[in-house]
$ cat target-v6.txt   # compact mmCIF, N, CA and C atoms
# COMPACT_ATOMS: atom_id res chain seq x y z
N MET A 244 12.67 -153.31 -129.91
CA MET A 244 13.03 -152.05 -130.53
C MET A 244 13.60 -152.26 -131.93
N HIS A 245 14.49 -153.25 -132.06
CA HIS A 245 15.10 -153.55 -133.36
C HIS A 245 14.02 -153.88 -134.39
N GLN A 246 13.07 -154.73 -133.99
CA GLN A 246 12.01 -155.15 -134.91
C GLN A 246 11.16 -153.97 -135.35
N ASP A 247 10.97 -153.01 -134.48
CA ASP A 247 10.21 -151.81 -134.85
C ASP A 247 10.87 -151.08 -136.01
N TRP A 248 12.19 -150.92 -135.94
CA TRP A 248 12.91 -150.25 -137.01
C TRP A 248 12.88 -151.07 -138.29
N LEU A 249 12.98 -152.41 -138.15
CA LEU A 249 12.90 -153.28 -139.32
C LEU A 249 11.54 -153.15 -140.00
N ASN A 250 10.49 -153.07 -139.21
CA ASN A 250 9.15 -152.94 -139.77
C ASN A 250 8.92 -151.55 -140.37
N LEU A 251 9.52 -150.55 -139.79
CA LEU A 251 9.32 -149.18 -140.23
C LEU A 251 9.96 -148.91 -141.59
N ALA A 252 11.12 -149.49 -141.83
CA ALA A 252 11.84 -149.22 -143.09
C ALA A 252 11.00 -149.55 -144.32
N PRO A 253 10.42 -150.75 -144.44
CA PRO A 253 9.60 -151.03 -145.62
C PRO A 253 8.31 -150.19 -145.68
N LEU A 254 7.78 -149.82 -144.52
CA LEU A 254 6.58 -148.98 -144.51
C LEU A 254 6.87 -147.62 -145.14
N TYR A 255 8.01 -147.06 -144.81
CA TYR A 255 8.40 -145.78 -145.43
C TYR A 255 8.48 -145.95 -146.94
N ASP A 256 9.07 -147.06 -147.36
CA ASP A 256 9.18 -147.34 -148.79
C ASP A 256 7.80 -147.45 -149.43
N ASP A 257 6.89 -148.14 -148.76
CA ASP A 257 5.53 -148.35 -149.29
C ASP A 257 4.78 -147.04 -149.52
N VAL A 258 5.03 -146.05 -148.67
CA VAL A 258 4.32 -144.77 -148.81
C VAL A 258 5.13 -143.74 -149.61
N GLY A 259 6.22 -144.22 -150.24
CA GLY A 259 7.00 -143.34 -151.10
C GLY A 259 8.03 -142.49 -150.41
N SER A 260 8.38 -142.83 -149.17
CA SER A 260 9.39 -142.06 -148.43
C SER A 260 10.70 -142.84 -148.37
N LEU A 261 11.26 -143.09 -149.55
CA LEU A 261 12.50 -143.85 -149.62
C LEU A 261 13.63 -143.18 -148.83
N GLN A 262 13.62 -141.85 -148.78
CA GLN A 262 14.67 -141.14 -148.04
C GLN A 262 14.61 -141.43 -146.55
N LEU A 263 13.47 -141.88 -146.02
CA LEU A 263 13.35 -142.25 -144.61
C LEU A 263 13.57 -143.74 -144.39
N SER A 264 13.40 -144.52 -145.44
CA SER A 264 13.53 -145.97 -145.34
C SER A 264 14.98 -146.38 -145.01
N ALA A 265 15.94 -145.79 -145.69
CA ALA A 265 17.34 -146.14 -145.46
C ALA A 265 17.78 -145.85 -144.02
N PRO A 266 17.51 -144.66 -143.47
CA PRO A 266 17.91 -144.42 -142.08
C PRO A 266 17.25 -145.38 -141.09
N ALA A 267 16.01 -145.77 -141.35
CA ALA A 267 15.34 -146.73 -140.45
C ALA A 267 16.04 -148.08 -140.50
N ALA A 268 16.39 -148.53 -141.70
CA ALA A 268 17.10 -149.80 -141.84
C ALA A 268 18.50 -149.72 -141.23
N GLU A 269 19.17 -148.59 -141.40
CA GLU A 269 20.49 -148.41 -140.80
C GLU A 269 20.41 -148.42 -139.28
N ARG A 270 19.35 -147.85 -138.74
CA ARG A 270 19.15 -147.87 -137.28
C ARG A 270 18.92 -149.30 -136.81
N ALA A 271 18.12 -150.06 -137.56
CA ALA A 271 17.89 -151.48 -137.22
C ALA A 271 19.21 -152.24 -137.22
N LEU A 272 20.06 -151.96 -138.19
CA LEU A 272 21.37 -152.62 -138.26
C LEU A 272 22.23 -152.23 -137.06
N ALA A 273 22.20 -150.97 -136.70
CA ALA A 273 23.04 -150.48 -135.60
C ALA A 273 22.65 -151.08 -134.25
N ILE A 274 21.37 -151.38 -134.06
CA ILE A 274 20.94 -151.89 -132.76
C ILE A 274 20.60 -153.38 -132.78
N ALA A 275 20.98 -154.05 -133.87
CA ALA A 275 20.72 -155.50 -133.97
C ALA A 275 21.36 -156.22 -132.78
N VAL A 276 20.60 -157.13 -132.19
CA VAL A 276 21.08 -157.83 -130.99
C VAL A 276 21.71 -159.19 -131.31
N ASN A 277 21.53 -159.66 -132.55
CA ASN A 277 22.15 -160.93 -132.93
C ASN A 277 22.42 -160.93 -134.44
N GLU A 278 23.06 -161.97 -134.89
CA GLU A 278 23.45 -162.05 -136.29
C GLU A 278 22.25 -162.15 -137.23
N PHE A 279 21.21 -162.87 -136.83
CA PHE A 279 20.04 -162.97 -137.70
C PHE A 279 19.39 -161.60 -137.88
N ASP A 280 19.27 -160.84 -136.79
CA ASP A 280 18.71 -159.49 -136.89
C ASP A 280 19.56 -158.63 -137.83
N ARG A 281 20.88 -158.80 -137.73
CA ARG A 281 21.79 -158.08 -138.62
C ARG A 281 21.51 -158.43 -140.08
N SER A 282 21.33 -159.73 -140.32
CA SER A 282 21.10 -160.17 -141.71
C SER A 282 19.78 -159.62 -142.24
N GLU A 283 18.76 -159.53 -141.40
CA GLU A 283 17.48 -158.96 -141.83
C GLU A 283 17.63 -157.48 -142.19
N ALA A 284 18.33 -156.74 -141.36
CA ALA A 284 18.54 -155.32 -141.62
C ALA A 284 19.35 -155.12 -142.91
N LEU A 285 20.34 -155.98 -143.13
CA LEU A 285 21.14 -155.88 -144.35
C LEU A 285 20.30 -156.17 -145.59
N MET A 286 19.36 -157.11 -145.50
CA MET A 286 18.48 -157.38 -146.63
C MET A 286 17.63 -156.16 -146.95
N ILE A 287 17.10 -155.51 -145.92
CA ILE A 287 16.29 -154.31 -146.16
C ILE A 287 17.15 -153.20 -146.76
N LEU A 288 18.36 -153.03 -146.24
CA LEU A 288 19.26 -152.03 -146.83
C LEU A 288 19.57 -152.35 -148.29
N GLY A 289 19.70 -153.63 -148.59
CA GLY A 289 19.93 -154.03 -149.98
C GLY A 289 18.76 -153.64 -150.87
N HIS A 290 17.56 -153.88 -150.39
CA HIS A 290 16.37 -153.50 -151.17
C HIS A 290 16.27 -151.99 -151.34
N VAL A 291 16.58 -151.26 -150.29
CA VAL A 291 16.56 -149.79 -150.38
C VAL A 291 17.61 -149.32 -151.40
N SER A 292 18.79 -149.91 -151.34
CA SER A 292 19.84 -149.54 -152.29
C SER A 292 19.42 -149.83 -153.73
N LEU A 293 18.74 -150.97 -153.93
CA LEU A 293 18.22 -151.29 -155.27
C LEU A 293 17.24 -150.22 -155.72
N GLN A 294 16.33 -149.83 -154.84
CA GLN A 294 15.33 -148.81 -155.18
C GLN A 294 16.00 -147.48 -155.54
N GLN A 295 17.13 -147.22 -154.89
CA GLN A 295 17.85 -145.97 -155.15
C GLN A 295 18.77 -146.08 -156.36
N GLY A 296 18.86 -147.29 -156.94
CA GLY A 296 19.71 -147.49 -158.11
C GLY A 296 21.17 -147.71 -157.79
N ASP A 297 21.50 -147.93 -156.53
CA ASP A 297 22.89 -148.17 -156.12
C ASP A 297 23.14 -149.68 -156.08
N ILE A 298 23.38 -150.26 -157.24
CA ILE A 298 23.54 -151.71 -157.37
C ILE A 298 24.75 -152.23 -156.60
N PRO A 299 25.92 -151.56 -156.65
CA PRO A 299 27.06 -152.06 -155.87
C PRO A 299 26.77 -152.10 -154.37
N ALA A 300 26.09 -151.09 -153.83
CA ALA A 300 25.75 -151.10 -152.40
C ALA A 300 24.76 -152.21 -152.11
N ALA A 301 23.78 -152.38 -152.98
CA ALA A 301 22.80 -153.46 -152.79
C ALA A 301 23.52 -154.81 -152.77
N ASN A 302 24.44 -155.01 -153.68
CA ASN A 302 25.19 -156.27 -153.72
C ASN A 302 25.98 -156.49 -152.44
N ARG A 303 26.60 -155.43 -151.92
CA ARG A 303 27.36 -155.55 -150.66
C ARG A 303 26.44 -155.97 -149.51
N HIS A 304 25.29 -155.32 -149.41
CA HIS A 304 24.35 -155.63 -148.32
C HIS A 304 23.82 -157.06 -148.44
N PHE A 305 23.38 -157.43 -149.64
CA PHE A 305 22.85 -158.78 -149.84
C PHE A 305 23.94 -159.84 -149.61
N SER A 306 25.15 -159.56 -150.08
CA SER A 306 26.25 -160.52 -149.91
C SER A 306 26.60 -160.71 -148.44
N GLU A 307 26.63 -159.61 -147.69
CA GLU A 307 26.93 -159.73 -146.26
C GLU A 307 25.83 -160.50 -145.54
N SER A 308 24.58 -160.23 -145.89
CA SER A 308 23.47 -160.97 -145.30
C SER A 308 23.58 -162.45 -145.65
N MET A 309 23.92 -162.76 -146.90
CA MET A 309 24.07 -164.14 -147.34
C MET A 309 25.15 -164.85 -146.53
N THR A 310 26.26 -164.19 -146.31
CA THR A 310 27.37 -164.78 -145.55
C THR A 310 26.94 -165.08 -144.12
N ILE A 311 26.23 -164.16 -143.51
CA ILE A 311 25.74 -164.38 -142.14
C ILE A 311 24.78 -165.57 -142.11
N ARG A 312 23.87 -165.63 -143.05
CA ARG A 312 22.88 -166.70 -143.08
C ARG A 312 23.52 -168.06 -143.36
N GLU A 313 24.54 -168.08 -144.20
CA GLU A 313 25.27 -169.34 -144.44
C GLU A 313 25.90 -169.82 -143.14
N ARG A 314 26.52 -168.89 -142.42
CA ARG A 314 27.17 -169.24 -141.15
C ARG A 314 26.15 -169.74 -140.13
N LEU A 315 25.02 -169.07 -140.03
CA LEU A 315 23.98 -169.48 -139.08
C LEU A 315 23.41 -170.85 -139.43
N LEU A 316 23.22 -171.11 -140.71
CA LEU A 316 22.67 -172.39 -141.13
C LEU A 316 23.66 -173.52 -140.85
N LYS A 317 24.95 -173.25 -141.02
CA LYS A 317 25.97 -174.27 -140.70
C LYS A 317 25.99 -174.56 -139.21
N GLN A 318 25.77 -173.51 -138.40
CA GLN A 318 25.76 -173.69 -136.95
C GLN A 318 24.56 -174.52 -136.49
N ASP A 319 23.42 -174.32 -137.15
CA ASP A 319 22.21 -175.05 -136.74
C ASP A 319 21.33 -175.33 -137.96
N PRO A 320 21.60 -176.44 -138.65
CA PRO A 320 20.82 -176.78 -139.85
C PRO A 320 19.37 -177.12 -139.56
N SER A 321 19.00 -177.29 -138.30
CA SER A 321 17.63 -177.65 -137.97
C SER A 321 16.66 -176.46 -138.07
N ILE A 322 17.19 -175.26 -138.17
CA ILE A 322 16.33 -174.08 -138.29
C ILE A 322 15.93 -173.93 -139.76
N ARG A 323 14.78 -174.48 -140.09
CA ARG A 323 14.36 -174.55 -141.49
C ARG A 323 14.12 -173.19 -142.12
N SER A 324 13.69 -172.23 -141.35
CA SER A 324 13.44 -170.91 -141.93
C SER A 324 14.73 -170.29 -142.47
N LEU A 325 15.87 -170.67 -141.91
CA LEU A 325 17.14 -170.15 -142.41
C LEU A 325 17.42 -170.60 -143.84
N THR A 326 16.94 -171.78 -144.19
CA THR A 326 17.13 -172.26 -145.56
C THR A 326 16.46 -171.31 -146.54
N ARG A 327 15.23 -170.95 -146.25
CA ARG A 327 14.49 -170.02 -147.11
C ARG A 327 15.15 -168.64 -147.09
N GLU A 328 15.55 -168.19 -145.91
CA GLU A 328 16.18 -166.87 -145.79
C GLU A 328 17.50 -166.81 -146.57
N LEU A 329 18.28 -167.88 -146.50
CA LEU A 329 19.52 -167.94 -147.26
C LEU A 329 19.22 -167.94 -148.76
N GLY A 330 18.21 -168.70 -149.15
CA GLY A 330 17.82 -168.72 -150.57
C GLY A 330 17.43 -167.34 -151.07
N ASP A 331 16.70 -166.60 -150.25
CA ASP A 331 16.32 -165.23 -150.63
C ASP A 331 17.56 -164.36 -150.83
N ALA A 332 18.50 -164.46 -149.90
CA ALA A 332 19.72 -163.65 -150.02
C ALA A 332 20.51 -164.04 -151.26
N GLN A 333 20.63 -165.34 -151.53
CA GLN A 333 21.36 -165.78 -152.71
C GLN A 333 20.69 -165.27 -153.99
N MET A 334 19.37 -165.31 -154.02
CA MET A 334 18.65 -164.84 -155.19
C MET A 334 18.91 -163.34 -155.41
N MET A 335 18.92 -162.57 -154.34
CA MET A 335 19.15 -161.13 -154.49
C MET A 335 20.59 -160.82 -154.89
N VAL A 336 21.54 -161.61 -154.39
CA VAL A 336 22.93 -161.44 -154.85
C VAL A 336 22.99 -161.74 -156.34
N GLY A 337 22.29 -162.79 -156.77
CA GLY A 337 22.24 -163.10 -158.20
C GLY A 337 21.66 -161.95 -159.01
N GLU A 338 20.61 -161.37 -158.49
CA GLU A 338 19.96 -160.25 -159.20
C GLU A 338 20.91 -159.06 -159.35
N THR A 339 21.64 -158.74 -158.28
CA THR A 339 22.55 -157.59 -158.36
C THR A 339 23.74 -157.91 -159.27
N ARG A 340 24.21 -159.14 -159.22
CA ARG A 340 25.32 -159.52 -160.11
C ARG A 340 24.87 -159.43 -161.58
N GLU A 341 23.64 -159.90 -161.83
CA GLU A 341 23.11 -159.83 -163.20
C GLU A 341 23.01 -158.37 -163.65
N ALA A 342 22.54 -157.49 -162.77
CA ALA A 342 22.41 -156.07 -163.10
C ALA A 342 23.76 -155.44 -163.39
N GLN A 343 24.83 -156.01 -162.82
CA GLN A 343 26.19 -155.49 -163.05
C GLN A 343 26.84 -156.17 -164.26
N GLY A 344 26.09 -157.04 -164.94
CA GLY A 344 26.63 -157.72 -166.11
C GLY A 344 27.51 -158.91 -165.78
N GLN A 345 27.50 -159.34 -164.53
CA GLN A 345 28.31 -160.49 -164.09
C GLN A 345 27.44 -161.74 -164.17
N LEU A 346 27.29 -162.25 -165.39
CA LEU A 346 26.31 -163.31 -165.62
C LEU A 346 26.68 -164.64 -164.98
N GLU A 347 27.92 -165.05 -165.06
CA GLU A 347 28.30 -166.34 -164.45
C GLU A 347 28.10 -166.36 -162.94
N PRO A 348 28.57 -165.33 -162.22
CA PRO A 348 28.29 -165.31 -160.78
C PRO A 348 26.79 -165.23 -160.48
N ALA A 349 26.04 -164.54 -161.33
CA ALA A 349 24.58 -164.45 -161.13
C ALA A 349 23.95 -165.82 -161.28
N ILE A 350 24.32 -166.54 -162.31
CA ILE A 350 23.77 -167.88 -162.54
C ILE A 350 24.13 -168.80 -161.38
N GLU A 351 25.35 -168.68 -160.89
CA GLU A 351 25.79 -169.50 -159.74
C GLU A 351 24.90 -169.26 -158.52
N ARG A 352 24.59 -167.99 -158.23
CA ARG A 352 23.74 -167.66 -157.08
C ARG A 352 22.30 -168.13 -157.30
N TYR A 353 21.80 -167.96 -158.54
CA TYR A 353 20.44 -168.42 -158.85
C TYR A 353 20.34 -169.93 -158.65
N ARG A 354 21.35 -170.66 -159.12
CA ARG A 354 21.33 -172.12 -158.97
C ARG A 354 21.39 -172.53 -157.50
N ALA A 355 22.23 -171.85 -156.73
CA ALA A 355 22.34 -172.16 -155.30
C ALA A 355 21.01 -171.89 -154.61
N SER A 356 20.36 -170.80 -154.99
CA SER A 356 19.06 -170.47 -154.41
C SER A 356 18.01 -171.52 -154.78
N LEU A 357 17.99 -171.91 -156.03
CA LEU A 357 17.04 -172.93 -156.49
C LEU A 357 17.26 -174.24 -155.76
N LYS A 358 18.51 -174.60 -155.54
CA LYS A 358 18.83 -175.84 -154.83
C LYS A 358 18.26 -175.80 -153.40
N LEU A 359 18.41 -174.67 -152.73
CA LEU A 359 17.87 -174.54 -151.38
C LEU A 359 16.35 -174.59 -151.36
N PHE A 360 15.73 -173.88 -152.29
CA PHE A 360 14.27 -173.88 -152.34
C PHE A 360 13.72 -175.27 -152.67
N THR A 361 14.40 -175.98 -153.57
CA THR A 361 13.98 -177.34 -153.93
C THR A 361 14.12 -178.26 -152.73
N ALA A 362 15.21 -178.15 -152.00
CA ALA A 362 15.41 -178.97 -150.80
C ALA A 362 14.34 -178.67 -149.76
N GLU A 363 13.99 -177.41 -149.63
CA GLU A 363 12.97 -177.04 -148.63
C GLU A 363 11.62 -177.61 -149.02
N VAL A 364 11.26 -177.55 -150.28
CA VAL A 364 9.98 -178.10 -150.73
C VAL A 364 9.96 -179.62 -150.51
N GLY A 365 11.09 -180.27 -150.80
CA GLY A 365 11.19 -181.72 -150.57
C GLY A 365 10.99 -182.09 -149.11
N SER A 366 11.59 -181.32 -148.21
CA SER A 366 11.44 -181.62 -146.79
C SER A 366 10.02 -181.32 -146.30
N ASP A 367 9.37 -180.31 -146.92
CA ASP A 367 7.97 -180.03 -146.57
C ASP A 367 7.07 -181.19 -146.98
N GLN A 368 7.32 -181.75 -148.15
CA GLN A 368 6.51 -182.85 -148.62
C GLN A 368 6.71 -184.10 -147.77
N GLU A 369 7.94 -184.31 -147.30
CA GLU A 369 8.21 -185.46 -146.42
C GLU A 369 7.47 -185.32 -145.11
N SER A 370 7.39 -184.11 -144.59
CA SER A 370 6.72 -183.91 -143.31
C SER A 370 5.20 -184.07 -143.42
N ILE A 371 4.66 -183.85 -144.62
CA ILE A 371 3.23 -184.01 -144.84
C ILE A 371 2.87 -185.49 -144.95
N ALA A 372 3.74 -186.27 -145.58
CA ALA A 372 3.44 -187.69 -145.83
C ALA A 372 3.39 -188.52 -144.59
$ encode --input "target-v6.txt" --output "structure tokens"
Amino acid sequence: MHQDWLNLAPLYDDVGSLQLSAPAAERALAIAVNEFDRSEALMILGHVSLQQGDIPAANRHFSESMTIRERLLKQDPSIRSLTRELGDAQMMVGETREAQGQLEPAIERYRASLKLFTAEVGSDQESIA
């Protein structure tokens, strides 16, 4: 059920129904069964907030998702997809900070995201060799 709401939110956005996208993402957040599901719903809410021009709300959603993903990755570093997911959240926090004129914090998030993406590419190349 949670995944249905997560899938529905971006679909509403794709067809131009942004006013329906936010409630779908909020519903996904409300019925999330675990922390990762929560972080996914928060990322969608962040994107919806960006589309609506609410940069502070977008930053709050992306930051909360980032915090959850950092915690999950510390709990189990073997889940490689979390590295990419955390990098995505860090990049979006950087984007919202940049939009707010907070350039140093934005650069810090961009660098952290790049570090994660670089590490992921390195581990992918090791597994191929």
$ residues_around --input "target-v6.txt" --residues "segment 328-342 of chain A" --least-positions-apart "2" --cutoff "6 Å" --atoms "only C-alpha atoms" --output "VMD selection string"
chain A and resid 302 305 309 312 325 to 326 344 to 346 349 352 to 353 356 359
$ select_by_dssp --input "target-v6.txt" --residues "segment 249-356 of chain A" --states "alpha helix (DSSP H)" --output "number ranges by chain"
A: 249-257, 261-273, 278-294, 298-318, 323-342, 346-356
$ residues_around --input "target-v6.txt" --residues "Arg314 of chain A" --least-positions-apart "2" --cutoff "12 Å" --atoms "only C-alpha atoms" --output "ChimeraX atom specification"
/A:278-279,282,307-312,316-320,325-326,329
$ write_last_selection --input "target-v6.txt" --atoms "N, CA and C atoms" --output "tab-separated table (two decimals), in the frame of the given file"
chain	number	residue	atom	x	y	z
A	278	GLU	N	23.06	-161.97	-134.89
A	278	GLU	CA	23.45	-162.05	-136.29
A	278	GLU	C	22.25	-162.15	-137.23
A	279	PHE	N	21.21	-162.87	-136.83
A	279	PHE	CA	20.04	-162.97	-137.70
A	279	PHE	C	19.39	-161.60	-137.88
A	282	SER	N	21.33	-159.73	-140.32
A	282	SER	CA	21.10	-160.17	-141.71
A	282	SER	C	19.78	-159.62	-142.24
A	307	GLU	N	26.63	-159.61	-147.69
A	307	GLU	CA	26.93	-159.73	-146.26
A	307	GLU	C	25.83	-160.50	-145.54
A	308	SER	N	24.58	-160.23	-145.89
A	308	SER	CA	23.47	-160.97	-145.30
A	308	SER	C	23.58	-162.45	-145.65
A	309	MET	N	23.92	-162.76	-146.90
A	309	MET	CA	24.07	-164.14	-147.34
A	309	MET	C	25.15	-164.85	-146.53
A	310	THR	N	26.26	-164.19	-146.31
A	310	THR	CA	27.37	-164.78	-145.55
A	310	THR	C	26.94	-165.08	-144.12
A	311	ILE	N	26.23	-164.16	-143.51
A	311	ILE	CA	25.74	-164.38	-142.14
A	311	ILE	C	24.78	-165.57	-142.11
A	312	ARG	N	23.87	-165.63	-143.05
A	312	ARG	CA	22.88	-166.70	-143.08
A	312	ARG	C	23.52	-168.06	-143.36
A	316	LEU	N	23.22	-171.11	-140.71
A	316	LEU	CA	22.67	-172.39	-141.13
A	316	LEU	C	23.66	-173.52	-140.85
A	317	LYS	N	24.95	-173.25	-141.02
A	317	LYS	CA	25.97	-174.27	-140.70
A	317	LYS	C	25.99	-174.56	-139.21
A	318	GLN	N	25.77	-173.51	-138.40
A	318	GLN	CA	25.76	-173.69	-136.95
A	318	GLN	C	24.56	-174.52	-136.49
A	319	ASP	N	23.42	-174.32	-137.15
A	319	ASP	CA	22.21	-175.05	-136.74
A	319	ASP	C	21.33	-175.33	-137.96
A	320	PRO	N	21.60	-176.44	-138.65
A	320	PRO	CA	20.82	-176.78	-139.85
A	320	PRO	C	19.37	-177.12	-139.56
A	325	LEU	N	15.87	-170.67	-141.91
A	325	LEU	CA	17.14	-170.15	-142.41
A	325	LEU	C	17.42	-170.60	-143.84
A	326	THR	N	16.94	-171.78	-144.19
A	326	THR	CA	17.13	-172.26	-145.56
A	326	THR	C	16.46	-171.31	-146.54
A	329	LEU	N	18.28	-167.88	-146.50
A	329	LEU	CA	19.52	-167.94	-147.26
A	329	LEU	C	19.22	-167.94	-148.76
$ closest_atom_pairs --input "target-v6.txt" --of "segment 284-370 of chain A" --to "segment 259-266 of chain A" --cutoff "8 Å" --atoms "all atoms listed in the file" --output "JSON lines"
{"residue": "A:Ile287", "atom": "C", "partner": "A:Ala265", "partner_atom": "CA", "distance": 7.2}
{"residue": "A:Leu288", "atom": "CA", "partner": "A:Ala265", "partner_atom": "CA", "distance": 6.3}
{"residue": "A:Val291", "atom": "CA", "partner": "A:Ala265", "partner_atom": "CA", "distance": 6.2}
{"residue": "A:Ser292", "atom": "N", "partner": "A:Ala265", "partner_atom": "CA", "distance": 7.1}
{"residue": "A:Gln294", "atom": "C", "partner": "A:Leu261", "partner_atom": "CA", "distance": 7.8}
{"residue": "A:Gln295", "atom": "N", "partner": "A:Leu261", "partner_atom": "CA", "distance": 7.8}
$ closest_residue --input "target-v6.txt" --among "A:Gln343, A:Lys358, A:Gly296, A:Gln246" --to "Ala275 of chain A" --atoms "all atoms listed in the file"
A:Gln246
$ atom_distance --input "target-v6.txt" --atom1 "atom CA of Arg303 of chain A" --atom2 "atom N of Ser324 of chain A"
23.5 Å
$ atom_distance --input "target-v6.txt" --atom1 "atom CA of Arg270 of chain A" --atom2 "atom CA of Asn250 of chain A"
11.5 Å
$ atom_distance --input "target-v6.txt" --atom1 "atom C of Leu251 of chain A" --atom2 "atom CA of Ala267 of chain A"
5.9 Å
$ closest_residue --input "target-v6.txt" --among "A:Ile274, A:Ala268, A:Leu357, A:Ile350" --to "Trp248 of chain A" --atoms "only N, CA and C atoms"
A:Ala268
$ closest_residue --input "target-v6.txt" --among "A:Ala252, A:Leu285, A:Val258, A:Ala362" --to "Leu272 of chain A" --atoms "only N, CA and C atoms"
A:Leu285
